[in-house]
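Chemist: For reference, the file entry17.cif (mmCIF, C-alpha atoms) is included below:
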data_upload
#
loop_
_atom_site.label_atom_id
_atom_site.label_comp_id
_atom_site.auth_asym_id
_atom_site.auth_seq_id
_atom_site.Cartn_x
_atom_site.Cartn_y
_atom_site.Cartn_z
CA MET A 1 0.00 0.00 0.00
CA PRO A 2 1.59 3.32 -1.06
CA GLN A 3 2.35 5.75 1.73
CA TYR A 4 0.82 9.23 1.30
CA LEU A 5 2.75 12.19 2.66
CA GLY A 6 1.60 15.78 2.54
CA ALA A 7 -1.66 17.64 2.95
CA ASN A 8 -4.55 19.28 1.18
CA VAL A 9 -3.20 22.84 1.16
CA ASP A 10 -6.58 24.55 1.14
CA GLU A 11 -7.79 22.47 4.08
CA LEU A 12 -4.60 23.16 5.98
CA ARG A 13 -4.83 26.89 5.33
CA GLU A 14 -8.49 26.93 6.35
CA LEU A 15 -7.66 25.04 9.52
CA GLY A 16 -4.98 27.63 10.28
CA ARG A 17 -7.48 30.44 9.84
CA PHE A 18 -9.96 28.64 12.08
CA PHE A 19 -7.33 28.31 14.78
CA ASP A 20 -6.49 31.99 14.44
CA THR A 21 -10.14 33.05 14.63
CA SER A 22 -10.65 30.78 17.62
CA GLY A 23 -7.69 32.45 19.32
CA GLN A 24 -9.23 35.86 18.65
CA GLN A 25 -12.54 34.69 20.07
CA LEU A 26 -10.83 33.40 23.21
CA SER A 27 -9.06 36.75 23.65
CA SER A 28 -12.36 38.51 23.15
CA ILE A 29 -14.04 36.32 25.76
CA GLY A 30 -11.28 37.21 28.22
CA SER A 31 -11.81 40.93 27.58
CA THR A 32 -15.57 40.60 27.92
CA LEU A 33 -15.30 38.70 31.19
CA THR A 34 -12.85 41.24 32.56
CA THR A 35 -15.24 44.06 31.68
CA ARG A 36 -18.18 42.26 33.27
CA ILE A 37 -16.22 41.56 36.43
CA MET A 38 -15.05 45.17 36.74
CA ARG A 39 -18.58 46.48 36.19
CA SER A 40 -20.07 44.13 38.72
CA SER A 41 -21.71 45.71 41.75
CA TRP A 42 -20.32 42.96 43.96
CA GLU A 43 -18.41 44.55 46.86
CA GLY A 44 -16.36 43.19 49.74
CA PRO A 45 -13.38 40.97 50.48
CA ASP A 46 -14.76 37.98 48.57
CA ASN A 47 -15.04 40.14 45.49
CA GLN A 48 -11.48 41.38 45.95
CA ASN A 49 -10.23 37.81 46.24
CA PHE A 50 -12.14 36.83 43.13
CA VAL A 51 -10.83 39.79 41.13
CA THR A 52 -7.28 39.06 42.25
CA ASP A 53 -7.68 35.40 41.29
CA TRP A 54 -9.12 36.40 37.94
CA HIS A 55 -6.24 38.70 37.07
CA SER A 56 -3.46 36.58 38.51
CA ARG A 57 -4.53 33.07 37.56
CA LEU A 58 -7.68 32.61 35.48
CA ASN A 59 -7.32 35.28 32.83
CA PRO A 60 -3.64 34.48 32.18
CA HIS A 61 -4.75 30.92 31.39
CA LEU A 62 -7.11 32.28 28.75
CA THR A 63 -4.42 34.58 27.34
CA SER A 64 -1.94 31.75 27.25
CA SER A 65 -4.44 29.48 25.49
CA ALA A 66 -5.27 32.18 22.96
CA ASN A 67 -1.58 32.68 22.25
CA ALA A 68 -1.14 28.93 21.82
CA LEU A 69 -3.95 28.90 19.24
CA HIS A 70 -2.35 31.80 17.35
CA SER A 71 0.99 29.98 17.34
CA ALA A 72 -0.66 26.80 16.12
CA ALA A 73 -2.40 28.81 13.39
CA GLN A 74 0.91 30.20 12.21
CA LEU A 75 2.39 26.71 12.17
CA LEU A 76 -0.50 25.35 10.12
CA ILE A 77 -0.33 28.19 7.60
CA ALA A 78 3.46 27.85 7.36
CA ASN A 79 2.98 24.16 6.63
CA ALA A 80 0.40 24.99 3.98
CA LEU A 81 2.81 27.41 2.33
CA GLU A 82 5.61 24.86 2.50
CA GLN A 83 3.35 22.27 0.92
CA GLU A 84 2.43 24.72 -1.84
CA ALA A 85 6.07 25.49 -2.52
CA ALA A 86 6.82 21.77 -2.73
CA SER A 87 3.89 21.23 -5.10
CA ASP A 88 5.07 24.13 -7.26
CA GLY A 89 8.57 22.74 -7.49
CA GLY A 90 9.99 25.79 -5.79
CA GLY A 91 7.69 28.51 -7.01
CA SER A 92 6.80 30.32 -10.18
CA ALA A 93 7.32 33.76 -11.64
CA GLY A 94 5.64 36.51 -9.76
CA GLY A 95 6.00 35.33 -6.19
CA PRO A 96 7.91 37.08 -3.46
CA SER A 97 11.57 37.51 -4.32
CA ASP A 98 12.79 37.10 -0.75
CA GLY A 99 12.79 33.32 -0.82
CA LEU A 100 9.46 33.02 0.98
CA PRO A 101 7.14 30.25 -0.17
CA ARG A 102 4.88 31.27 -3.01
CA SER A 103 1.16 30.89 -3.47
CA THR A 104 -0.14 28.50 -6.09
CA ASN A 105 -1.28 31.32 -8.34
CA PRO A 106 0.51 34.44 -7.19
CA LEU A 107 -0.50 36.53 -10.20
CA ASN A 108 -4.19 36.18 -9.40
CA PRO A 109 -5.25 35.81 -5.75
CA ASP A 110 -8.43 33.81 -5.15
CA VAL A 111 -11.47 36.08 -5.64
CA GLY A 112 -13.69 34.20 -3.16
CA ASP A 113 -17.20 35.72 -3.22
CA MET A 114 -16.20 38.61 -5.46
CA LYS A 115 -17.09 38.94 -9.10
CA ASP A 116 -14.68 37.22 -11.49
CA TYR A 117 -11.52 38.75 -12.85
CA GLU A 118 -11.79 41.22 -15.67
CA PRO A 119 -8.76 42.51 -17.56
CA PHE A 120 -8.13 46.25 -17.41
CA ASP A 121 -6.09 48.68 -19.43
CA GLU A 122 -2.46 48.06 -18.63
CA GLU A 123 -1.51 51.69 -19.05
CA ILE A 124 -2.51 52.91 -15.60
CA SER A 125 -1.07 56.29 -14.74
CA PHE A 126 1.15 56.42 -11.69
CA ASP A 127 1.69 60.12 -12.07
CA PRO A 128 1.55 61.62 -8.56
CA ASN A 129 -1.02 64.10 -9.85
CA ASP A 130 -3.32 61.21 -10.73
CA ILE A 131 -2.64 59.38 -7.49
CA ARG A 132 -3.47 62.46 -5.45
CA PHE A 133 -6.00 64.73 -7.03
CA TYR A 134 -8.36 67.55 -6.16
CA GLY A 135 -11.68 66.12 -5.07
CA THR A 136 -13.04 69.59 -4.44
CA ASP A 137 -11.68 73.10 -4.51
CA GLU A 138 -10.79 72.87 -0.83
CA TYR A 139 -8.55 69.86 -0.49
CA MET A 140 -6.70 67.01 -2.14
CA ARG A 141 -7.84 63.43 -1.76
CA PRO A 142 -6.25 60.23 -3.01
CA ASP A 143 -8.07 58.59 -5.91
CA VAL A 144 -9.40 55.55 -4.04
CA GLN A 145 -12.80 53.89 -4.12
CA GLN A 146 -13.23 50.86 -1.88
CA GLY A 147 -15.17 47.95 -3.34
CA GLN A 148 -16.77 44.84 -1.91
CA LEU A 149 -13.97 43.97 0.51
CA GLY A 150 -13.85 45.11 4.11
CA ASP A 151 -10.36 46.51 3.55
CA CYS A 152 -10.93 50.14 4.55
CA TRP A 153 -7.95 49.67 6.90
CA PHE A 154 -5.62 48.86 4.01
CA LEU A 155 -6.97 51.41 1.54
CA SER A 156 -6.97 54.16 4.16
CA GLY A 157 -3.38 53.28 4.99
CA ALA A 158 -2.46 53.28 1.30
CA GLY A 159 -4.42 56.47 0.68
CA ALA A 160 -2.79 58.22 3.62
CA ILE A 161 0.62 57.32 2.21
CA ALA A 162 -0.45 58.58 -1.22
CA LEU A 163 -1.54 61.85 0.36
CA TYR A 164 1.68 62.25 2.29
CA ASP A 165 4.03 61.23 -0.53
CA PRO A 166 2.44 60.29 -3.85
CA GLU A 167 5.87 59.64 -5.35
CA PHE A 168 6.22 56.74 -2.90
CA ILE A 169 3.36 54.98 -4.71
CA GLU A 170 4.92 55.71 -8.08
CA GLU A 171 8.24 54.27 -6.88
CA HIS A 172 6.71 51.12 -5.42
CA VAL A 173 4.53 50.02 -8.33
CA LYS A 174 6.23 49.25 -11.63
CA TYR A 175 4.64 48.25 -14.90
CA ASN A 176 6.69 45.44 -16.43
CA GLY A 177 5.61 45.99 -20.03
CA ASP A 178 4.18 42.48 -20.32
CA GLY A 179 0.73 42.88 -18.79
CA THR A 180 2.01 42.60 -15.24
CA TYR A 181 2.89 44.99 -12.43
CA THR A 182 5.43 44.46 -9.67
CA VAL A 183 4.58 45.97 -6.30
CA THR A 184 7.21 46.28 -3.58
CA MET A 185 5.87 45.64 -0.09
CA TYR A 186 7.74 44.80 3.10
CA ARG A 187 7.80 41.91 5.53
CA ASP A 188 9.69 42.45 8.79
CA GLY A 189 11.18 45.54 7.19
CA LYS A 190 12.58 43.67 4.21
CA PRO A 191 11.30 44.28 0.67
CA VAL A 192 9.04 41.69 -0.90
CA GLU A 193 8.23 42.00 -4.59
CA ILE A 194 4.80 40.83 -5.68
CA THR A 195 3.89 40.61 -9.35
CA VAL A 196 0.26 40.73 -10.43
CA GLU A 197 -1.55 40.65 -13.75
CA ALA A 198 -3.46 43.62 -15.13
CA SER A 199 -6.84 42.26 -14.15
CA ALA A 200 -9.07 42.60 -11.11
CA PRO A 201 -12.33 41.22 -9.75
CA GLY A 202 -15.37 43.16 -10.88
CA ASP A 203 -15.84 44.72 -7.45
CA ALA A 204 -12.25 45.45 -6.48
CA ALA A 205 -10.97 48.83 -5.32
CA SER A 206 -10.61 51.37 -8.09
CA GLY A 207 -10.39 55.07 -8.84
CA MET A 208 -12.90 57.54 -10.21
CA ARG A 209 -12.13 56.47 -13.77
CA GLY A 210 -11.83 52.73 -13.16
CA PRO A 211 -8.94 50.50 -12.09
CA ASN A 212 -5.90 52.44 -10.93
CA TRP A 213 -2.94 52.22 -8.54
CA ALA A 214 -5.24 51.25 -5.67
CA THR A 215 -6.52 48.28 -7.70
CA VAL A 216 -2.97 47.05 -8.25
CA TYR A 217 -1.94 47.62 -4.64
CA GLU A 218 -5.04 45.85 -3.31
CA LYS A 219 -4.35 42.87 -5.54
CA ALA A 220 -0.74 42.68 -4.39
CA ALA A 221 -1.90 42.97 -0.78
CA ALA A 222 -4.31 40.05 -1.27
CA ASP A 223 -1.32 37.95 -2.29
CA TYR A 224 0.82 39.37 0.53
CA TYR A 225 -1.73 38.62 3.24
CA GLY A 226 -2.43 35.03 2.24
CA GLY A 227 -3.41 34.64 -1.40
CA GLU A 228 -7.13 35.40 -1.24
CA TYR A 229 -8.94 38.70 -1.49
CA SER A 230 -10.94 37.75 1.57
CA ASP A 231 -7.68 37.81 3.54
CA LEU A 232 -8.06 41.60 3.43
CA ASP A 233 -11.42 41.60 5.23
CA GLY A 234 -10.78 43.35 8.54
CA GLY A 235 -7.54 44.80 9.85
CA HIS A 236 -5.75 47.86 11.15
CA SER A 237 -4.03 50.63 9.21
CA ASP A 238 -0.80 50.42 11.23
CA ASP A 239 -0.36 46.96 9.70
CA ALA A 240 -0.91 48.49 6.25
CA PHE A 241 1.73 51.11 6.99
CA GLU A 242 4.23 48.44 8.00
CA ALA A 243 3.46 46.25 4.99
CA MET A 244 3.69 49.15 2.56
CA THR A 245 6.62 51.14 3.97
CA GLY A 246 8.65 48.67 6.05
CA GLY A 247 8.60 51.16 8.93
CA ASP A 248 7.03 50.78 12.33
CA GLY A 249 3.30 51.34 12.46
CA ARG A 250 1.85 53.02 15.51
CA ARG A 251 -1.66 52.42 16.90
CA GLU A 252 -2.92 54.81 19.58
CA GLY A 253 -6.22 55.54 21.24
CA GLU A 254 -8.07 58.83 21.13
CA LEU A 255 -5.73 61.79 20.53
CA ASN A 256 -6.39 65.51 20.48
CA PHE A 257 -5.88 67.64 17.39
CA ASP A 258 -2.40 68.81 18.44
CA SER A 259 -1.15 65.24 18.79
CA ILE A 260 -2.63 64.23 15.44
CA LYS A 261 -0.93 67.22 13.82
CA ASP A 262 2.37 66.05 15.30
CA ARG A 263 1.88 62.61 13.77
CA LEU A 264 0.87 64.15 10.44
CA ALA A 265 4.05 66.22 10.33
CA ASP A 266 6.12 63.02 10.38
CA GLY A 267 4.13 60.76 8.10
CA PRO A 268 0.75 59.46 6.98
CA VAL A 269 -2.13 59.21 9.47
CA ALA A 270 -5.34 57.19 9.41
CA VAL A 271 -8.08 57.05 12.04
CA ALA A 272 -10.76 54.52 12.92
CA SER A 273 -14.30 55.31 14.01
CA GLU A 274 -16.21 53.65 16.81
CA ARG A 275 -19.07 51.29 16.13
CA ALA A 276 -22.21 53.41 16.03
CA ASP A 277 -25.16 52.48 18.20
CA PRO A 278 -27.73 50.91 15.85
CA PHE A 279 -30.53 51.72 18.32
CA LEU A 280 -30.05 55.41 17.51
CA TRP A 281 -31.23 54.97 13.94
CA PHE A 282 -33.02 51.65 14.00
CA ASP A 283 -36.53 52.58 15.14
CA THR A 284 -36.66 56.18 14.07
CA VAL A 285 -35.36 55.57 10.55
CA ASP A 286 -33.07 58.43 11.41
CA GLU A 287 -30.23 58.92 8.99
CA GLY A 288 -28.22 60.26 11.91
CA SER A 289 -24.49 60.72 11.73
CA GLU A 290 -22.72 60.56 8.41
CA VAL A 291 -19.73 58.89 10.05
CA VAL A 292 -19.50 55.24 9.03
CA GLY A 293 -19.06 53.21 12.19
CA ASN A 294 -16.14 50.86 12.74
CA HIS A 295 -14.43 52.25 9.65
CA ALA A 296 -10.97 53.57 8.77
CA TYR A 297 -10.52 57.02 7.27
CA MET A 298 -7.44 58.92 6.08
CA VAL A 299 -6.55 62.20 7.78
CA GLY A 300 -6.37 64.86 5.09
CA GLY A 301 -5.40 67.86 7.22
CA PHE A 302 -6.82 70.67 9.32
CA SER A 303 -8.56 73.95 8.66
CA ASP A 304 -9.44 76.97 10.80
CA THR A 305 -12.98 76.85 9.41
CA ASN A 306 -15.19 74.21 7.86
CA PRO A 307 -14.65 74.98 4.15
CA GLU A 308 -18.02 73.49 3.24
CA THR A 309 -20.21 75.30 5.73
CA GLY A 310 -18.06 78.24 6.76
CA ALA A 311 -18.42 77.27 10.42
CA LYS A 312 -15.62 78.79 12.45
CA GLY A 313 -13.24 76.82 14.63
CA GLU A 314 -10.61 74.25 13.87
CA HIS A 315 -11.76 71.22 11.87
CA ILE A 316 -10.09 67.97 10.90
CA LEU A 317 -10.62 66.48 7.45
CA VAL A 318 -11.26 62.74 7.49
CA ILE A 319 -11.33 61.14 4.06
CA ASN A 320 -13.47 58.07 3.44
CA PRO A 321 -11.84 55.37 1.26
CA TRP A 322 -15.23 54.95 -0.41
CA GLY A 323 -14.39 57.99 -2.56
CA ILE A 324 -17.30 59.84 -1.02
CA GLY A 325 -18.40 60.82 2.46
CA ASP A 326 -15.37 62.91 3.47
CA LEU A 327 -16.10 64.96 6.59
CA TRP A 328 -14.87 68.12 8.27
CA LEU A 329 -15.26 67.68 12.02
CA THR A 330 -14.66 69.86 15.05
CA GLU A 331 -12.44 68.40 17.74
CA GLN A 332 -15.48 67.47 19.80
CA GLU A 333 -17.24 65.86 16.84
CA TYR A 334 -14.07 63.99 16.05
CA LYS A 335 -13.70 62.74 19.63
CA ASP A 336 -17.36 61.73 19.72
CA ASN A 337 -16.87 59.41 16.77
CA PHE A 338 -13.25 58.30 16.49
CA SER A 339 -11.23 56.26 18.94
CA THR A 340 -8.03 55.09 17.22
CA VAL A 341 -5.15 56.82 15.45
CA TYR A 342 -2.72 55.00 13.15
CA SER A 343 0.53 56.55 12.02
CA THR A 344 4.05 55.86 10.87
CA GLU A 345 7.08 57.99 10.24
CA MET A 346 8.25 58.44 6.67
CA ASP A 347 10.96 60.40 4.88
CA LYS A 348 9.85 62.20 1.77
CA MET B 1 -39.49 40.60 -11.14
CA THR B 2 -36.10 39.83 -12.65
CA THR B 3 -32.79 39.83 -10.86
CA ILE B 4 -30.51 42.55 -12.15
CA ASP B 5 -27.58 41.91 -9.82
CA GLY B 6 -26.81 39.99 -6.67
CA PRO B 7 -27.47 38.65 -4.20
CA ILE B 8 -24.21 39.93 -2.85
CA THR B 9 -22.93 39.61 0.73
CA ALA B 10 -20.58 42.26 2.07
CA GLU B 11 -19.30 43.56 5.40
CA GLN B 12 -20.39 46.72 7.16
CA GLY B 13 -17.87 49.36 6.09
CA SER B 14 -17.47 48.05 2.55
CA GLN B 15 -18.88 49.46 -0.66
CA PRO B 16 -20.02 46.79 -3.14
CA THR B 17 -21.54 47.59 -6.52
CA LEU B 18 -25.02 46.46 -7.54
CA GLY B 19 -26.26 47.13 -11.04
CA GLY B 20 -23.50 49.67 -11.50
CA MET B 21 -24.49 51.53 -8.33
CA ARG B 22 -22.04 51.77 -5.44
CA VAL B 23 -23.65 50.88 -2.11
CA GLY B 24 -21.80 51.90 1.04
CA ILE B 25 -22.83 49.80 4.02
CA MET B 26 -22.82 52.25 6.93
CA GLU B 27 -24.55 50.19 9.62
CA ALA B 28 -26.64 47.05 9.91
CA ALA B 29 -28.38 45.24 12.74
CA THR B 30 -31.22 42.93 13.66
CA ILE B 31 -33.23 44.09 16.64
CA GLY B 32 -36.38 42.36 17.82
CA GLY B 33 -36.38 40.11 14.78
CA VAL B 34 -36.34 43.03 12.36
CA SER B 35 -33.27 43.53 10.15
CA LYS B 36 -32.26 46.94 8.88
CA ALA B 37 -29.28 48.49 7.16
CA LYS B 38 -28.18 52.08 6.75
CA LEU B 39 -26.75 52.53 3.27
CA LEU B 40 -25.07 55.29 1.30
CA LEU B 41 -26.38 54.86 -2.24
CA ARG B 42 -24.60 56.34 -5.22
CA PRO B 43 -26.93 56.10 -8.23
CA GLU B 44 -26.43 58.50 -11.13
CA SER B 45 -29.44 60.45 -9.90
CA GLY B 46 -27.46 61.52 -6.84
CA GLU B 47 -26.11 60.04 -3.67
CA ARG B 48 -28.25 59.64 -0.58
CA ILE B 49 -28.37 57.85 2.75
CA VAL B 50 -31.28 55.45 3.28
CA VAL B 51 -32.35 52.99 5.94
CA ILE B 52 -33.71 49.82 4.38
CA THR B 53 -35.71 47.11 6.17
CA ALA B 54 -35.65 43.43 5.23
CA GLY B 55 -38.80 42.58 3.31
CA GLU B 56 -39.42 46.19 2.30
CA PRO B 57 -37.56 46.82 -0.99
CA ILE B 58 -36.91 50.38 -2.08
CA THR B 59 -37.08 51.59 -5.65
CA ILE B 60 -34.14 53.55 -6.96
CA GLU B 61 -34.94 55.50 -10.08
CA GLY B 62 -33.03 54.31 -13.09
CA VAL B 63 -31.47 51.41 -11.19
CA GLY B 64 -34.10 48.99 -9.88
CA SER B 65 -35.57 47.64 -6.68
CA LEU B 66 -33.05 47.16 -3.89
CA SER B 67 -33.76 44.50 -1.25
CA LEU B 68 -32.11 43.73 2.06
CA ASP B 69 -32.24 39.94 2.09
CA GLU B 70 -30.40 39.25 5.32
CA VAL B 71 -28.31 40.74 8.10
CA ILE B 72 -25.67 38.31 9.32
CA PRO B 73 -24.55 39.14 12.87
CA GLU B 74 -20.93 39.95 13.57
CA VAL B 75 -18.70 37.30 15.04
CA GLU B 76 -17.02 38.69 18.12
CA GLY B 77 -13.31 38.75 17.39
CA GLY B 78 -14.06 37.71 13.81
CA SER B 79 -16.00 39.23 10.94
CA LYS B 80 -18.09 42.38 11.17
CA VAL B 81 -21.84 42.37 10.67
CA ARG B 82 -22.63 41.54 7.02
CA VAL B 83 -25.59 42.18 4.78
CA THR B 84 -26.95 40.40 1.75
CA LEU B 85 -28.41 42.71 -0.88
CA SER B 86 -30.01 42.10 -4.25
CA LEU B 87 -31.28 44.25 -7.07
CA THR B 88 -34.32 43.36 -9.15
CA THR B 89 -36.59 45.04 -11.62
CA PRO B 90 -39.39 46.85 -9.75
CA GLU B 91 -42.69 45.00 -9.50
CA ALA B 92 -45.39 46.39 -11.74
#
What would you get if you wrote out this structure as structure tokens?

Modeler:
Amino acid sequence: MPQYLGANVDELRELGRFFDTSGQQLSSIGSTLTTRIMRSSWEGPDNQNFVTDWHSRLNPHLTSSANALHSAAQLLIANALEQEAASDGGGSAGGPSDGLPRSTNPLNPDVGDMKDYEPFDEEISFDPNDIRFYGTDEYMRPDVQQGQLGDCWFLSGAGAIALYDPEFIEEHVKYNGDGTYTVTMYRDGKPVEITVEASAPGDAASGMRGPNWATVYEKAAADYYGGEYSDLDGGHSDDAFEAMTGGDGRREGELNFDSIKDRLADGPVAVASERADPFLWFDTVDEGSEVVGNHAYMVGGFSDTNPETGAKGEHILVINPWGIGDLWLTEQEYKDNFSTVYSTEMDK
Amino acid sequence: MTTIDGPITAEQGSQPTLGGMRVGIMEAATIGGVSKAKLLLRPESGERIVVITAGEPITIEGVGSLSLDEVIPEVEGGSKVRVTLSLTTPEA
């Protein structure tokens, strides 16, 4: 009877993701329990003993278990990649050039639930003036329109970089003259070249006039983060900064305008909104706030007045990666809606 | 009633396209057995924010009838809340 060695790569990768998600869920349970315990109205020495036991013994067990699941997930995915590399005979053109294992089809990440690939015009402009253009008379915005994926975190990171230094985008995406583009990203600070074909799923990110630099970057990122477009669903813009620039991404909680200005002086900045309370609009059919909850925006700058309404007082411009829905907010409005600031330092 | 596009399932915070119209998913929830979604619609006739209820399609001029088929709850520590939308020709 022949001996079978190896694994079904897709199953192994899926198992790795399941382990990772399970680890996240365990971490989340730990946070929820901690919150519930701290909010409890239970008072007295028994409560103090319980809280001490929770923090010193019980919760560390949960954290340790969650970490073990994340480590196991990484091991499973590494094995899947190794298996792929073995099946490919060492890889094919277009994969990372740093010796990392390659995906089975690195030129075209799996589209998952998205509409199928459609070829687009290879002659995309990477002119900085096309990357960063005037959306209105008042300010510049990057030409980005998010599509079906939940990758606002990546596109806001990319858009913030494009706003800060559009030539960076031009320098990191090269057309190869053969229907492919090579995008330079970074893993652990080291460059990784990813080559993709001039095609994209029907509902990928694009620009105002169709597929553009954001389409190419998103496709490369899908390969970078695991080989499927769905690997981009959910994330944080500091990770996008690190993957795109090789520098250290920074994730901070609520900051005031002065602190955000400091970050913006040194590099690109993105911010994330809080999850809105659905009860506020659910029964009243109230349109309510125009801020999209649980969503990443680019920071476009500051103004002494709201250029759209003329309202006096300092306002921050937050730019929606949807290509619409940019907002000028006072510091209080900003603080009422946003809770996280992402930044990195870059040289121009 | 003929399907023009969809059904399509996408996360809150994303902006899928249905029948050539971008649909930004601002919020979604199911409360008391009723599912609703707050959407930023971008038809050629002009963008607008609407709140759509499952089982109560809305007609968008020049585009079709937009339905909220389902709201899939978020998975804590996993995916965000998701919605399934479809676009059909309006009923006569």

Chemist: Would you kindly return, as a list of chain:residue names, each protein, DNA or RNA residue with an atom no farther than 9 Å from any atom of Thr89 in chain B, considering only C-alpha atoms and excluding same-chain residues fewer than 6 positions away?

Modeler: B:Met1, B:Thr2, B:Thr3, B:Ile4, B:Thr59, B:Val63, B:Gly64, B:Ser65, B:Leu66

Chemist: Just the number, please: distance in Å from CA of Ile316 in chain A to CA of Thr340 in chain A, one decimal.

Modeler: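 Distance between the two atoms: 14.5 Å.
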
Chemist: Could you list, with a cut-off of 12 Å and counting only C-alpha atoms, the residues of chain B near chain A, each shown with its nearest atom pair and the distance in Å rounded to one decimal, rows sorted by chain and ascending number, as CSV?

Modeler:
residue,atom,partner,partner_atom,distance
B:Asp5,CA,A:Lys115,CA,10.9
B:Gly6,CA,A:Lys115,CA,10.1
B:Pro7,CA,A:Asp113,CA,10.7
B:Ile8,CA,A:Asp113,CA,8.2
B:Thr9,CA,A:Asp113,CA,8.0
B:Ala10,CA,A:Gln148,CA,6.1
B:Glu11,CA,A:Gly150,CA,5.8
B:Gln12,CA,A:Gly150,CA,7.4
B:Gly13,CA,A:His295,CA,5.7
B:Ser14,CA,A:Gly150,CA,4.9
B:Gln15,CA,A:Gly147,CA,4.8
B:Pro16,CA,A:Gln148,CA,4.0
B:Thr17,CA,A:Asp203,CA,6.4
B:Leu18,CA,A:Asp203,CA,9.3
B:Gly19,CA,A:Asp203,CA,11.3
B:Gly20,CA,A:Asp203,CA,10.0
B:Met21,CA,A:Asp203,CA,11.0
B:Arg22,CA,A:Gly147,CA,8.1
B:Val23,CA,A:Gly147,CA,9.1
B:Gly24,CA,A:Trp322,CA,7.4
B:Ile25,CA,A:Val292,CA,8.1
B:Met26,CA,A:Val292,CA,4.9
B:Glu27,CA,A:Gly293,CA,6.8
B:Ala28,CA,A:Pro278,CA,7.2
B:Ala29,CA,A:Pro278,CA,6.5
B:Thr30,CA,A:Phe282,CA,8.9
B:Ile31,CA,A:Phe282,CA,8.0
B:Gly32,CA,A:Asp283,CA,10.6
B:Val34,CA,A:Phe282,CA,9.4
B:Ser35,CA,A:Phe282,CA,9.0
B:Lys36,CA,A:Phe282,CA,7.0
B:Ala37,CA,A:Phe282,CA,8.4
B:Lys38,CA,A:Glu287,CA,7.5
B:Leu39,CA,A:Glu287,CA,9.3
B:Leu40,CA,A:Gly325,CA,8.7
B:Leu41,CA,A:Ile324,CA,10.4
B:Arg42,CA,A:Ile324,CA,9.1
B:Gly46,CA,A:Ile324,CA,11.8
B:Glu47,CA,A:Ile324,CA,9.2
B:Arg48,CA,A:Glu287,CA,9.8
B:Ile49,CA,A:Glu287,CA,6.6
B:Val50,CA,A:Glu287,CA,6.8
B:Val51,CA,A:Val285,CA,6.1
B:Ile52,CA,A:Val285,CA,8.6
B:Thr53,CA,A:Phe282,CA,9.4
B:Glu74,CA,A:Arg275,CA,11.8
B:Val75,CA,A:Gln25,CA,8.4
B:Glu76,CA,A:Gln25,CA,6.3
B:Gly77,CA,A:Gln25,CA,4.9
B:Gly78,CA,A:Thr21,CA,6.1
B:Ser79,CA,A:Gly234,CA,7.1
B:Lys80,CA,A:Gly234,CA,7.8
B:Val81,CA,A:Asn294,CA,10.4
B:Arg82,CA,A:Gly150,CA,9.9
B:Val83,CA,A:Gln148,CA,11.4
B:Thr84,CA,A:Gln148,CA,11.7
B:Leu85,CA,A:Gln148,CA,11.9

Chemist: Show me, as lines of an AutoDock Vina configuration file, the centre and edge lengths in Å to one decimal of the axis-aligned box that covers every listed atom of range 182-191 of chain A with 3 Å on each side.

Modeler:
center_x = 8.6
center_y = 44.1
center_z = -0.4
size_x = 14.0
size_y = 10.4
size_z = 24.5

Chemist: Could you tell me how far CA of Gln332 in chain A lies from CA of Glu345 in chain A, in Å and to one decimal?

Modeler: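 These atoms are spaced 26.3 Å apart.
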
Chemist: Work out how far CA of Glu252 in chain A is from CA of Glu171 in chain A, in Å to one decimal.

Modeler: 28.7 Å

Chemist: For Phe338 in chain A, list every protein, DNA or RNA residue within 8 Å, evaluated using only C-alpha atoms, and leave out those in the same chain fewer than 6 positions away; present the list as a list in words.

Modeler: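 Answer for this query is Glu254, Val271, Ala272, Ser273 and Glu274 of chain A.
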
Chemist: Return the single residue from A:Tyr175, A:Tyr229, A:Phe120, A:Tyr139 that is closest to Phe302 in chain A, with distances computed using all atoms listed in the file.

Modeler: A:Tyr139

Chemist: What do you get, as a ChimeraX atom specification, if you spell out every residue that the PyMOL selection byres ((chain A and resi 158) around 12) selects here?

Modeler: /A:131-132,141-146,151-157,159-166,168-169,172,185,205,213-218,221,236-245,268-270,296-299,321,342-344

Chemist: I'd like the neighbourhood of Ala200 in chain A as a PDB file with C-alpha atoms, in the frame of the given file, where a residue qualifies if any of its atoms comes within 7 Å (using all atoms listed in the file), though same-chain residues fewer than 5 positions away should be ignored.

Modeler:
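Writing done, so here's selection.pdb:
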ATOM      1  CA  TYR A 117     -11.520  38.750 -12.850  1.00  0.00           C
ATOM      2  CA  GLU A 118     -11.790  41.220 -15.670  1.00  0.00           C
ATOM      3  CA  PRO A 119      -8.760  42.510 -17.560  1.00  0.00           C
TER       4      PRO A 119
END

Chemist: Could you pull out every residue with an atom within 10 Å of (-16.6, 74.9, 0.8), file coordinates, counting only C-alpha atoms, and send them as a PyMOL selection string?

Modeler: chain A and resi 136-139+305-310

Chemist: Which residues match the PyMOL selection byres ((chain B and resi 55) around 8) in the file above, as a ChimeraX atom specification?

Modeler: /B:53-54,56-57,67-69
